[in-house]
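Student: Have a look at this one.
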Amino acid sequence: MAKDFYMMRHGQTRFNEQHRIQGVCDSPLTELGIKQAQQAGQYFKEQGIVFEEVYSSTQERASDTAELVTGRTDVIRLKGLKEWDFGAFEGQQEFLNPPLQAGGVGYGDYFVVHGGESNQDVRERVSQAVRQLLDNSQADTILAVSHGAAISQFYRHVLSNPPQVKGMHNCAVLHFLYENGDFDLLSIYNPDEGRYIYEKGIHNDK
């Protein structure tokens, strides 16, 4: 049975606004982050999308976003959907991050020696959590709210030819079709811009 799986990033947080490294550490949504979540909720409403089940990571910024987007309080929180663990770099200024590596691997294994995760750790953790929730669910339309780096590593792991997109904003919405264990990415939508940054089969900006 094919399932519509929507995966979205949380709204802007205080640490996002302050340009701090935010992985397993957490900070609350800003007023803009709340507005972004409301815009995403309006997008789903306009598209006639109703979620039978809603999941989020266990982090406050994700669970709060999920509740704002859907108006529901029965959000199922999963540790597997948490953000990349950046170890000793957590909470520090973003300029301390190393350059992103080519090939979509993000920071590779740079943070392992600093007590964090490698990109492969993140890929396996998130994909295992997502596959488990989808395979165990009887729902046809599902939402999961996660985090920017975790989502980027997830879709690069499960897709054979992942799109090279830029500008995935807070509350960006990825729409997958999941069937027979395979993922097909249909679109990526930025609610705050009111536009798709990726649509399958359509020429997209890189």
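Here, A, B, ... name the chains of the structure tokens in the order displayed, residue numbers run from 1 inside each chain, and ligands are numbered from 1 in the same displayed order.
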Write out as a list of chain:residue names each polymer residue whose atoms come within 6 Å of A:Glu90, counting only C-alpha atoms; drop sequence neighbours fewer than 2 positions from it.

Tutor: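 Close residues of A:Glu90: A:Ile21, A:Gln22, A:Phe86, A:Gly87, A:Ala88, A:Gln92.
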
Student: Which neighbours of stretch 41-50 of chain A fall inside 12 Å, counting only C-alpha atoms, when residues of the same chain fewer than 4 positions from it are skipped, and could you give them as a PyMOL selection string?

Tutor: chain A and resi 4-6+8+11+34-37+54+65-72+139-143+171-173+175+189-196

Student: Rank nothing, just name the residue among A:Asn180, A:Gln164, A:Gln138, A:Ser127 nearest to A:Met7, using only C-alpha atoms.

Tutor: A:Ser127

Student: Between atom CA of A:Leu32 and atom CA of A:Gly91, what is the distance in Å, rounded to a tenth?

Tutor: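 Separation of atom CA of A:Leu32 and atom CA of A:Gly91: 20.2 Å.
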
Student: As an MDAnalysis selection string, list the residues of stretch 3-206 of chain A assigned to strand (DSSP E or B) by DSSP on the backbone atoms of this structure.

Tutor: chainID A and resid 3:9 13 20 29 53:57 76:78 93 101 106 141:146 173:179 182:190 195:199

Student: Quick one: pick out all helix (DSSP H, G or I) residues within stretch 11-193 of chain A from a backbone DSSP run and write them as a ChimeraX atom specification.

Tutor: /A:14-17,31-46,60-70,79-81,87-89,94-96,102-104,110-114,119-136,148-158

Student: Can you measure atom CA of A:Gly167 to atom CA of A:Lys82 for me? One decimal in Å is fine.

Tutor: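 Computing it gives 20.7 Å between the two atoms.
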
Student: Please compute the atom CA of A:Asn161-atom CA of A:Gln101 distance, one decimal, in Å.

Tutor: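 Those two atoms sit 17.8 Å apart.
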
Student: Wanna dump the stretch 93-186 of chain A-stretch 197-202 of chain A contacts at 9 Å for me, each residue with its shortest atom pair and the distance in Å to one decimal, counting only C-alpha atoms, ordered by chain and number, as a tab-separated table?

Tutor:
```
residue	atom	partner	partner_atom	distance
A:Pro163	CA	A:Tyr198	CA	7.8
A:Val165	CA	A:Ile197	CA	7.2
A:Lys166	CA	A:Ile197	CA	7.9
A:Gly167	CA	A:Ile197	CA	7.8
A:Met168	CA	A:Ile197	CA	7.8
A:Leu185	CA	A:Lys200	CA	7.1
A:Leu186	CA	A:Lys200	CA	5.1
```

Student: Just checking: using only C-alpha atoms, which residue out of A:Phe95, A:Tyr110, A:Phe15, A:Tyr55 ends up closest to A:Leu78?

Tutor: A:Tyr55

Student: Which residues are close to A:Arg14, i.e. within 7 Å by only C-alpha atoms, leaving aside same-chain residues fewer than 6 positions away? Reply as number ranges by chain.

Tutor: A: 27-30

Student: Nearest to A:Asp85: which of A:Gly116, A:Met1, A:Val130, A:Leu174 is it, counting only C-alpha atoms?

Tutor: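 Residue with the minimum atom-to-atom distance to A:Asp85: A:Gly116.
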
Student: Which residue is closest to A:Thr73? Choose from A:Gln39, A:Val158, A:Phe89, A:Ser56 and count only C-alpha atoms.

Tutor: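 Checking each of A:Gln39, A:Val158, A:Phe89, A:Ser56 against A:Thr73, counting only C-alpha atoms, the winner is A:Ser56.
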
Student: Let me make sure I understand: among A:His114, A:Arg9, A:Arg77, A:Arg20, which one has the smallest atom-to-atom distance to A:Ser57 if we use only C-alpha atoms?

Tutor: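 Of A:His114, A:Arg9, A:Arg77, A:Arg20, the one nearest A:Ser57, counting only C-alpha atoms, is A:Arg77.
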
Student: So, with only C-alpha atoms as the atoms that count, which of A:Leu177, A:Ala129, A:Leu134, A:Val105 lies closest to A:Ser152?

Tutor: A:Val105
